[in-house]
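Source file start02.cif; content: mmCIF, C-alpha atoms.
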```cif
data_coords
#
loop_
_atom_site.group_PDB
_atom_site.id
_atom_site.type_symbol
_atom_site.label_atom_id
_atom_site.label_comp_id
_atom_site.auth_asym_id
_atom_site.auth_seq_id
_atom_site.Cartn_x
_atom_site.Cartn_y
_atom_site.Cartn_z
ATOM 1 C CA MET A 65 124.691 160.661 291.932
ATOM 2 C CA ASN A 66 123.693 161.650 295.468
ATOM 3 C CA LYS A 67 127.360 162.286 296.375
ATOM 4 C CA LYS A 68 127.683 164.546 293.351
ATOM 5 C CA ILE A 69 124.683 166.635 294.431
ATOM 6 C CA ASN A 70 125.993 166.865 298.007
ATOM 7 C CA PHE A 71 129.451 167.870 296.758
ATOM 8 C CA SER A 72 127.979 170.552 294.466
ATOM 9 C CA PHE A 73 125.760 171.807 297.265
ATOM 10 C CA SER A 74 128.813 172.055 299.553
ATOM 11 C CA LYS A 75 130.659 174.067 296.921
ATOM 12 C CA LEU A 76 127.669 176.370 296.568
ATOM 13 C CA VAL A 77 127.501 176.935 300.334
ATOM 14 C CA ILE A 78 131.232 177.719 300.478
ATOM 15 C CA VAL A 79 131.006 180.172 297.561
ATOM 16 C CA LEU A 80 127.977 181.915 299.101
ATOM 17 C CA ALA A 81 129.720 182.135 302.486
ATOM 18 C CA ALA A 82 132.753 183.713 300.805
ATOM 19 C CA PHE A 83 130.529 186.317 299.140
ATOM 20 C CA VAL A 84 128.789 187.098 302.423
ATOM 21 C CA ILE A 85 132.089 187.458 304.308
ATOM 22 C CA THR A 86 133.612 189.601 301.539
ATOM 23 C CA GLY A 87 130.478 191.725 301.324
ATOM 24 C CA THR A 88 130.445 192.251 305.087
ATOM 25 C CA ALA A 89 134.110 193.266 305.137
ATOM 26 C CA ALA A 90 133.577 195.623 302.196
ATOM 27 C CA GLY A 91 130.510 197.066 303.913
ATOM 28 C CA GLN A 92 132.491 197.717 307.088
ATOM 29 C CA SER A 93 135.247 199.389 305.078
ATOM 30 C CA THR A 94 132.697 201.530 303.249
ATOM 31 C CA SER A 95 131.068 202.413 306.560
ATOM 32 C CA LYS A 96 134.424 203.521 308.018
ATOM 33 C CA GLU A 97 135.172 205.600 304.925
ATOM 34 C CA LYS A 98 131.739 207.257 305.069
ATOM 35 C CA ARG A 99 132.307 208.120 308.728
ATOM 36 C CA LEU A 100 135.765 209.490 307.893
ATOM 37 C CA VAL A 101 134.325 211.675 305.100
ATOM 38 C CA ARG A 102 131.605 212.908 307.477
ATOM 39 C CA ASP A 103 134.236 213.693 310.135
ATOM 40 C CA CYS A 104 136.288 215.606 307.541
ATOM 41 C CA LYS A 105 133.276 217.719 306.563
ATOM 42 C CA GLN A 106 132.718 218.538 310.239
ATOM 43 C CA ALA A 107 136.416 219.337 310.762
ATOM 44 C CA LYS A 108 136.388 221.654 307.728
ATOM 45 C CA ALA A 109 133.326 223.438 309.111
ATOM 46 C CA ASP A 110 135.019 223.748 312.526
ATOM 47 C CA PHE A 111 138.199 225.189 310.971
ATOM 48 C CA ILE A 112 136.094 227.760 309.072
ATOM 49 C CA ASN A 113 133.952 228.558 312.137
ATOM 50 C CA THR A 114 137.087 229.249 314.166
ATOM 51 C CA ASP A 115 138.699 231.358 311.429
ATOM 52 C CA GLY A 116 136.314 232.498 308.682
ATOM 53 C CA LEU A 117 139.263 233.423 306.456
ATOM 54 C CA MET A 118 140.097 229.730 306.078
ATOM 55 C CA LYS A 119 137.127 229.416 303.724
ATOM 56 C CA ASN A 120 139.291 231.187 301.121
ATOM 57 C CA LEU A 121 142.129 228.720 301.684
ATOM 58 C CA PHE A 122 139.846 225.747 301.153
ATOM 59 C CA SER A 123 138.528 227.227 297.899
ATOM 60 C CA SER A 124 141.827 228.559 296.512
ATOM 61 C CA ALA A 125 144.225 225.719 297.402
ATOM 62 C CA TYR A 126 145.025 223.290 294.602
ATOM 63 C CA GLY A 127 144.312 220.486 297.053
ATOM 64 C CA TYR A 128 144.233 219.637 300.724
ATOM 65 C CA VAL A 129 144.090 216.761 303.161
ATOM 66 C CA ILE A 130 142.050 216.826 306.359
ATOM 67 C CA PHE A 131 142.879 214.604 309.322
ATOM 68 C CA PRO A 132 139.802 215.054 311.545
ATOM 69 C CA ASN A 133 140.961 212.897 314.467
ATOM 70 C CA VAL A 134 144.652 212.657 315.284
ATOM 71 C CA GLY A 135 145.518 210.992 318.570
ATOM 72 C CA LYS A 136 148.813 211.866 320.214
ATOM 73 C CA GLY A 137 150.451 210.631 323.384
ATOM 74 C CA GLY A 138 153.780 210.135 325.005
ATOM 75 C CA ILE A 139 155.991 209.721 328.010
ATOM 76 C CA GLY A 140 159.516 210.549 326.840
ATOM 77 C CA ILE A 141 158.897 208.865 323.510
ATOM 78 C CA GLY A 142 155.657 209.758 321.811
ATOM 79 C CA GLY A 143 153.624 209.111 318.766
ATOM 80 C CA ALA A 144 150.566 210.229 316.896
ATOM 81 C CA ALA A 145 148.366 208.710 314.236
ATOM 82 C CA GLY A 146 145.278 209.592 312.249
ATOM 83 C CA ASN A 147 143.431 208.953 309.014
ATOM 84 C CA GLY A 148 142.261 211.588 306.575
ATOM 85 C CA ILE A 149 140.690 212.344 303.229
ATOM 86 C CA VAL A 150 142.578 213.960 300.331
ATOM 87 C CA TYR A 151 140.852 216.523 298.115
ATOM 88 C CA GLU A 152 141.878 217.937 294.747
ATOM 89 C CA GLY A 153 139.858 220.868 293.450
ATOM 90 C CA GLY A 154 137.335 220.218 296.226
ATOM 91 C CA ASN A 155 136.768 216.600 295.096
ATOM 92 C CA ILE A 156 137.749 213.507 297.064
ATOM 93 C CA ILE A 157 140.592 211.614 295.396
ATOM 94 C CA GLY A 158 141.831 209.324 298.162
ATOM 95 C CA LYS A 159 142.663 208.789 301.773
ATOM 96 C CA ALA A 160 145.819 209.232 303.801
ATOM 97 C CA LYS A 161 147.373 207.976 307.003
ATOM 98 C CA LEU A 162 149.444 210.231 309.259
ATOM 99 C CA THR A 163 152.052 208.818 311.641
ATOM 100 C CA GLN A 164 154.364 210.751 313.896
ATOM 101 C CA LEU A 165 157.208 209.809 316.192
ATOM 102 C CA SER A 166 158.770 212.198 318.694
ATOM 103 C CA ILE A 167 161.373 212.090 321.418
ATOM 104 C CA GLY A 168 162.042 214.530 324.233
ATOM 105 C CA PHE A 169 160.249 215.902 327.262
ATOM 106 C CA GLN A 170 156.606 214.985 326.813
ATOM 107 C CA PHE A 171 153.867 213.644 329.001
ATOM 108 C CA GLY A 172 150.164 213.189 328.367
ATOM 109 C CA GLY A 173 147.803 212.749 325.505
ATOM 110 C CA GLN A 174 145.679 214.879 323.248
ATOM 111 C CA SER A 175 143.543 214.779 320.169
ATOM 112 C CA TYR A 176 143.585 217.349 317.418
ATOM 113 C CA ARG A 177 142.625 218.029 313.809
ATOM 114 C CA GLU A 178 145.097 218.813 311.065
ATOM 115 C CA VAL A 179 144.662 220.221 307.568
ATOM 116 C CA ILE A 180 147.441 220.514 305.012
ATOM 117 C CA PHE A 181 146.940 222.774 301.989
ATOM 118 C CA PHE A 182 148.837 222.203 298.735
ATOM 119 C CA GLU A 183 149.705 225.196 296.573
ATOM 120 C CA SER A 184 150.083 223.415 293.209
ATOM 121 C CA SER A 185 149.585 220.138 291.385
ATOM 122 C CA SER A 186 153.269 219.257 291.833
ATOM 123 C CA ASP A 187 152.970 219.754 295.609
ATOM 124 C CA LEU A 188 149.912 217.491 295.768
ATOM 125 C CA ASP A 189 151.664 214.966 293.492
ATOM 126 C CA ARG A 190 154.594 214.792 295.936
ATOM 127 C CA PHE A 191 152.092 213.990 298.685
ATOM 128 C CA LYS A 192 150.340 211.352 296.555
ATOM 129 C CA GLN A 193 153.728 209.742 295.854
ATOM 130 C CA ASN A 194 154.397 209.608 299.624
ATOM 131 C CA LYS A 195 157.340 211.978 299.185
ATOM 132 C CA ILE A 196 156.244 214.537 301.782
ATOM 133 C CA GLU A 197 157.483 214.178 305.333
ATOM 134 C CA PHE A 198 157.612 216.945 307.870
ATOM 135 C CA SER A 199 160.688 217.260 310.009
ATOM 136 C CA ALA A 200 160.932 218.927 313.379
ATOM 137 C CA GLN A 201 161.483 222.250 311.603
ATOM 138 C CA ALA A 202 158.052 222.169 309.926
ATOM 139 C CA SER A 203 155.636 224.303 311.840
ATOM 140 C CA ALA A 204 151.893 224.018 312.035
ATOM 141 C CA VAL A 205 149.754 227.017 312.866
ATOM 142 C CA ALA A 206 147.189 226.609 315.641
ATOM 143 C CA VAL A 207 143.871 227.841 314.301
ATOM 144 C CA THR A 208 142.431 230.879 316.049
ATOM 145 C CA ALA A 209 140.269 233.708 314.701
ATOM 146 C CA GLY A 210 142.087 235.567 311.913
ATOM 147 C CA VAL A 211 145.298 233.546 312.097
ATOM 148 C CA SER A 212 145.148 232.408 308.445
ATOM 149 C CA ALA A 213 145.289 235.986 307.121
ATOM 150 C CA ASN A 214 149.098 236.190 307.231
ATOM 151 C CA VAL A 215 150.149 232.572 306.746
ATOM 152 C CA LYS A 216 152.102 231.766 303.563
ATOM 153 C CA TYR A 217 152.930 228.525 301.785
ATOM 154 C CA LYS A 218 156.330 227.095 302.660
ATOM 155 C CA GLU A 219 157.724 224.697 300.077
ATOM 156 C CA GLY A 220 154.222 224.395 298.618
ATOM 157 C CA VAL A 221 152.384 223.429 301.806
ATOM 158 C CA MET A 222 150.570 225.149 304.656
ATOM 159 C CA ILE A 223 149.704 223.261 307.866
ATOM 160 C CA PHE A 224 147.022 224.116 310.418
ATOM 161 C CA THR A 225 146.030 222.266 313.584
ATOM 162 C CA GLN A 226 143.131 222.612 315.965
ATOM 163 C CA GLN A 227 143.165 221.002 319.400
ATOM 164 C CA LYS A 228 140.106 218.942 320.264
ATOM 165 C CA GLY A 229 140.889 217.724 323.756
ATOM 166 C CA GLY A 230 143.389 216.346 326.205
ATOM 167 C CA LEU A 231 146.437 217.793 327.853
ATOM 168 C CA MET A 232 150.013 217.267 326.827
ATOM 169 C CA TYR A 233 153.216 218.873 328.073
ATOM 170 C CA GLU A 234 155.784 218.781 325.342
ATOM 171 C CA ALA A 235 159.220 219.993 324.325
ATOM 172 C CA SER A 236 160.125 217.323 321.819
ATOM 173 C CA VAL A 237 161.582 216.748 318.384
ATOM 174 C CA GLY A 238 159.842 214.574 315.846
ATOM 175 C CA GLY A 239 158.420 214.327 312.380
ATOM 176 C CA GLN A 240 155.310 213.330 310.489
ATOM 177 C CA LYS A 241 155.071 210.805 307.684
ATOM 178 C CA PHE A 242 152.130 210.247 305.346
ATOM 179 C CA ASN A 243 150.821 207.373 303.254
ATOM 180 C CA PHE A 244 148.376 208.146 300.413
ATOM 181 C CA THR A 245 145.934 205.640 298.899
ATOM 182 C CA SER A 246 143.735 206.607 295.952
ATOM 183 C CA PHE A 247 140.076 205.581 295.742
#
```
Here is a file; write its structure as structure tokens.
Amino acid sequence: MNKKINFSFSKLVIVLAAFVITGTAAGQSTSKEKRLVRDCKQAKADFINTDGLMKNLFSSAYGYVIFPNVGKGGIGIGGAAGNGIVYEGGNIIGKAKLTQLSIGFQFGGQSYREVIFFESSSDLDRFKQNKIEFSAQASAVAVTAGVSANVKYKEGVMIFTQQKGGLMYEASVGGQKFNFTSF
């Protein structure tokens, strides 16, 4: 009888420990997502503060994804990575990961923000299905005052970047790839 109680108590301790560990991991994930959402709100505000006309893009685009912190570096071969939040009609629908690989003359490191606007539901759907990749020919517009006034969608997307810090010398060829995960 005593062995049975000890065995049941051991099972209870193991089950409780599993719940605590799972809860802690879920809490950390939630904390990271909350920080990412907060960073995206700040990045959106910074894009609009730099170019007030971008407010219209955020409100008129079918959807958009904001990568508030993209880190980039390289010496000959380079790479970049960042996480972002995906919005449809102004509402959060998921998160995304950006990865980039480049080759060519490059040296240094920098951090920047990136926002991609989607013109229609089919354009956003391509992104959600991980079917959008940007080749070396895709061009992002560096955000400065008034720059968004004359920018047009190309193949259903518009890309803007804003440097945050660092210094990088670059004449390279590369591409970006994205991975979408819904909430």
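Applied to the file shown here, the PyMOL selection byres ((chain A and resi 126) around 12) selects the residues Asn120, Leu121, Phe122, Ser123, Ser124, Ala125, Gly127, Tyr128, Val129, Val150, Tyr151, Glu152, Gly153, Gly154, Asn155, Ile180, Phe181, Phe182, Glu183, Ser184, Ser185, Ser186, Asp187, Leu188, Asp189, Tyr217, Gly220, Val221 and Met222 of chain A.
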Deliver the residues from the most recent selection as a file, using C-alpha atoms, as an mmCIF file, keeping the file's coordinate frame.
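This is the output file again_35.cif:
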```cif
data_model
loop_
_atom_site.group_PDB
_atom_site.id
_atom_site.type_symbol
_atom_site.label_atom_id
_atom_site.label_comp_id
_atom_site.auth_asym_id
_atom_site.auth_seq_id
_atom_site.Cartn_x
_atom_site.Cartn_y
_atom_site.Cartn_z
ATOM 1 C CA ASN A 120 139.291 231.187 301.121
ATOM 2 C CA LEU A 121 142.129 228.720 301.684
ATOM 3 C CA PHE A 122 139.846 225.747 301.153
ATOM 4 C CA SER A 123 138.528 227.227 297.899
ATOM 5 C CA SER A 124 141.827 228.559 296.512
ATOM 6 C CA ALA A 125 144.225 225.719 297.402
ATOM 7 C CA GLY A 127 144.312 220.486 297.053
ATOM 8 C CA TYR A 128 144.233 219.637 300.724
ATOM 9 C CA VAL A 129 144.090 216.761 303.161
ATOM 10 C CA VAL A 150 142.578 213.960 300.331
ATOM 11 C CA TYR A 151 140.852 216.523 298.115
ATOM 12 C CA GLU A 152 141.878 217.937 294.747
ATOM 13 C CA GLY A 153 139.858 220.868 293.450
ATOM 14 C CA GLY A 154 137.335 220.218 296.226
ATOM 15 C CA ASN A 155 136.768 216.600 295.096
ATOM 16 C CA ILE A 180 147.441 220.514 305.012
ATOM 17 C CA PHE A 181 146.940 222.774 301.989
ATOM 18 C CA PHE A 182 148.837 222.203 298.735
ATOM 19 C CA GLU A 183 149.705 225.196 296.573
ATOM 20 C CA SER A 184 150.083 223.415 293.209
ATOM 21 C CA SER A 185 149.585 220.138 291.385
ATOM 22 C CA SER A 186 153.269 219.257 291.833
ATOM 23 C CA ASP A 187 152.970 219.754 295.609
ATOM 24 C CA LEU A 188 149.912 217.491 295.768
ATOM 25 C CA ASP A 189 151.664 214.966 293.492
ATOM 26 C CA TYR A 217 152.930 228.525 301.785
ATOM 27 C CA GLY A 220 154.222 224.395 298.618
ATOM 28 C CA VAL A 221 152.384 223.429 301.806
ATOM 29 C CA MET A 222 150.570 225.149 304.656
#
```
Between CA of Gln193 (chain A) and CA of Gly146 (chain A), distance in Å (one decimal): 18.4 Å
Ground truth for the PyMOL selection byres ((chain A and resi 104-106) around 12), written as a VMD selection string: chain A and resid 97 to 103 107 to 113 122 128 to 134 146 to 151 154 156 159 177 to 179
Atom-to-atom span, CA of Leu165 (chain A) and CA of Lys228 (chain A), Å: 19.8 Å
Which residue of A:Thr225, A:Glu197, A:Phe191, A:Phe247 approaches Thr163 (chain A) most closely, using all atoms listed in the file: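 The closest residue to Thr163 (chain A) is A:Glu197.
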A:Thr208, A:Gln164, A:Gln174, A:Asn194 ranked by distance to Ala145 (chain A), top pick (using all atoms listed in the file):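 The shortest atom-to-atom distance to Ala145 (chain A) comes from A:Gln164.
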d(CA of Asn243 (chain A), CA of Lys161 (chain A)) in Å: 5.1 Å
Selection dump of the PyMOL selection byres ((chain A and resi 173) around 8), as a list in words: Gly135, Lys136, Gly137, Gly138, Phe171, Gly172, Gln174, Ser175, Gly230, Leu231 and Met232 of chain A
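Considering the residues A:Ser212, A:Gly143, A:Ile223, A:Lys192 and counting all atoms listed in the file, Gly158 (chain A) has its shortest atom-to-atom contact with A:Lys192.
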Nearest candidate to Ile167 (chain A) (options A:Val205, A:Thr94, A:Ala213, A:Gly239; using only C-alpha atoms): A:Gly239
Output region 116-142 of chain A with N, CA and C atoms present, as a PDB file, keeping the file's coordinate frame.
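To be explicit, this is the file written out as part.pdb:
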```pdb
ATOM      1  N   GLY A 116     137.088 232.364 309.913  1.00  0.00           N
ATOM      2  CA  GLY A 116     136.314 232.498 308.682  1.00  0.00           C
ATOM      3  C   GLY A 116     137.163 232.691 307.439  1.00  0.00           C
ATOM      4  N   LEU A 117     138.384 233.214 307.601  1.00  0.00           N
ATOM      5  CA  LEU A 117     139.263 233.423 306.456  1.00  0.00           C
ATOM      6  C   LEU A 117     139.758 232.111 305.849  1.00  0.00           C
ATOM      7  N   MET A 118     139.655 231.020 306.606  1.00  0.00           N
ATOM      8  CA  MET A 118     140.097 229.730 306.078  1.00  0.00           C
ATOM      9  C   MET A 118     139.215 229.254 304.928  1.00  0.00           C
ATOM     10  N   LYS A 119     138.012 229.781 304.837  1.00  0.00           N
ATOM     11  CA  LYS A 119     137.127 229.416 303.724  1.00  0.00           C
ATOM     12  C   LYS A 119     137.823 229.714 302.397  1.00  0.00           C
ATOM     13  N   ASN A 120     138.543 230.836 302.330  1.00  0.00           N
ATOM     14  CA  ASN A 120     139.291 231.187 301.121  1.00  0.00           C
ATOM     15  C   ASN A 120     140.407 230.194 300.840  1.00  0.00           C
ATOM     16  N   LEU A 121     141.064 229.705 301.886  1.00  0.00           N
ATOM     17  CA  LEU A 121     142.129 228.720 301.684  1.00  0.00           C
ATOM     18  C   LEU A 121     141.569 227.422 301.111  1.00  0.00           C
ATOM     19  N   PHE A 122     140.442 226.982 301.659  1.00  0.00           N
ATOM     20  CA  PHE A 122     139.846 225.747 301.153  1.00  0.00           C
ATOM     21  C   PHE A 122     139.444 225.884 299.682  1.00  0.00           C
ATOM     22  N   SER A 123     138.980 227.057 299.284  1.00  0.00           N
ATOM     23  CA  SER A 123     138.528 227.227 297.899  1.00  0.00           C
ATOM     24  C   SER A 123     139.668 227.558 296.938  1.00  0.00           C
ATOM     25  N   SER A 124     140.751 228.159 297.416  1.00  0.00           N
ATOM     26  CA  SER A 124     141.827 228.559 296.512  1.00  0.00           C
ATOM     27  C   SER A 124     142.989 227.566 296.445  1.00  0.00           C
ATOM     28  N   ALA A 125     143.126 226.689 297.417  1.00  0.00           N
ATOM     29  CA  ALA A 125     144.225 225.719 297.402  1.00  0.00           C
ATOM     30  C   ALA A 125     144.025 224.738 296.252  1.00  0.00           C
ATOM     31  N   TYR A 126     145.122 224.294 295.667  1.00  0.00           N
ATOM     32  CA  TYR A 126     145.025 223.290 294.602  1.00  0.00           C
ATOM     33  C   TYR A 126     144.422 222.002 295.164  1.00  0.00           C
ATOM     34  N   GLY A 127     144.833 221.671 296.375  1.00  0.00           N
ATOM     35  CA  GLY A 127     144.312 220.486 297.053  1.00  0.00           C
ATOM     36  C   GLY A 127     144.577 220.594 298.532  1.00  0.00           C
ATOM     37  N   TYR A 128     144.005 219.662 299.289  1.00  0.00           N
ATOM     38  CA  TYR A 128     144.233 219.637 300.724  1.00  0.00           C
ATOM     39  C   TYR A 128     143.903 218.250 301.261  1.00  0.00           C
ATOM     40  N   VAL A 129     144.410 217.995 302.449  1.00  0.00           N
ATOM     41  CA  VAL A 129     144.090 216.761 303.161  1.00  0.00           C
ATOM     42  C   VAL A 129     143.650 217.158 304.564  1.00  0.00           C
ATOM     43  N   ILE A 130     142.564 216.557 305.012  1.00  0.00           N
ATOM     44  CA  ILE A 130     142.050 216.826 306.359  1.00  0.00           C
ATOM     45  C   ILE A 130     142.172 215.553 307.181  1.00  0.00           C
ATOM     46  N   PHE A 131     142.820 215.679 308.332  1.00  0.00           N
ATOM     47  CA  PHE A 131     142.879 214.604 309.322  1.00  0.00           C
ATOM     48  C   PHE A 131     141.983 215.044 310.481  1.00  0.00           C
ATOM     49  N   PRO A 132     140.751 214.538 310.553  1.00  0.00           N
ATOM     50  CA  PRO A 132     139.802 215.054 311.545  1.00  0.00           C
ATOM     51  C   PRO A 132     140.043 214.576 312.974  1.00  0.00           C
ATOM     52  N   ASN A 133     140.740 213.467 313.137  1.00  0.00           N
ATOM     53  CA  ASN A 133     140.961 212.897 314.467  1.00  0.00           C
ATOM     54  C   ASN A 133     142.375 212.329 314.559  1.00  0.00           C
ATOM     55  N   VAL A 134     143.284 213.131 315.069  1.00  0.00           N
ATOM     56  CA  VAL A 134     144.652 212.657 315.284  1.00  0.00           C
ATOM     57  C   VAL A 134     144.836 212.468 316.781  1.00  0.00           C
ATOM     58  N   GLY A 135     145.242 211.275 317.167  1.00  0.00           N
ATOM     59  CA  GLY A 135     145.518 210.992 318.570  1.00  0.00           C
ATOM     60  C   GLY A 135     147.009 211.034 318.814  1.00  0.00           C
ATOM     61  N   LYS A 136     147.396 211.680 319.913  1.00  0.00           N
ATOM     62  CA  LYS A 136     148.813 211.866 320.214  1.00  0.00           C
ATOM     63  C   LYS A 136     149.039 211.571 321.686  1.00  0.00           C
ATOM     64  N   GLY A 137     150.129 210.901 321.994  1.00  0.00           N
ATOM     65  CA  GLY A 137     150.451 210.631 323.384  1.00  0.00           C
ATOM     66  C   GLY A 137     151.920 210.318 323.551  1.00  0.00           C
ATOM     67  N   GLY A 138     152.395 210.469 324.779  1.00  0.00           N
ATOM     68  CA  GLY A 138     153.780 210.135 325.005  1.00  0.00           C
ATOM     69  C   GLY A 138     154.226 210.328 326.434  1.00  0.00           C
ATOM     70  N   ILE A 139     155.245 209.573 326.757  1.00  0.00           N
ATOM     71  CA  ILE A 139     155.991 209.721 328.010  1.00  0.00           C
ATOM     72  C   ILE A 139     157.442 209.540 327.596  1.00  0.00           C
ATOM     73  N   GLY A 140     158.147 210.629 327.333  1.00  0.00           N
ATOM     74  CA  GLY A 140     159.516 210.549 326.840  1.00  0.00           C
ATOM     75  C   GLY A 140     159.546 210.313 325.342  1.00  0.00           C
ATOM     76  N   ILE A 141     159.059 209.173 324.932  1.00  0.00           N
ATOM     77  CA  ILE A 141     158.897 208.865 323.510  1.00  0.00           C
ATOM     78  C   ILE A 141     157.415 208.932 323.218  1.00  0.00           C
ATOM     79  N   GLY A 142     157.068 209.592 322.121  1.00  0.00           N
ATOM     80  CA  GLY A 142     155.657 209.758 321.811  1.00  0.00           C
ATOM     81  C   GLY A 142     155.335 209.425 320.381  1.00  0.00           C
TER      82      GLY A 142
END
```
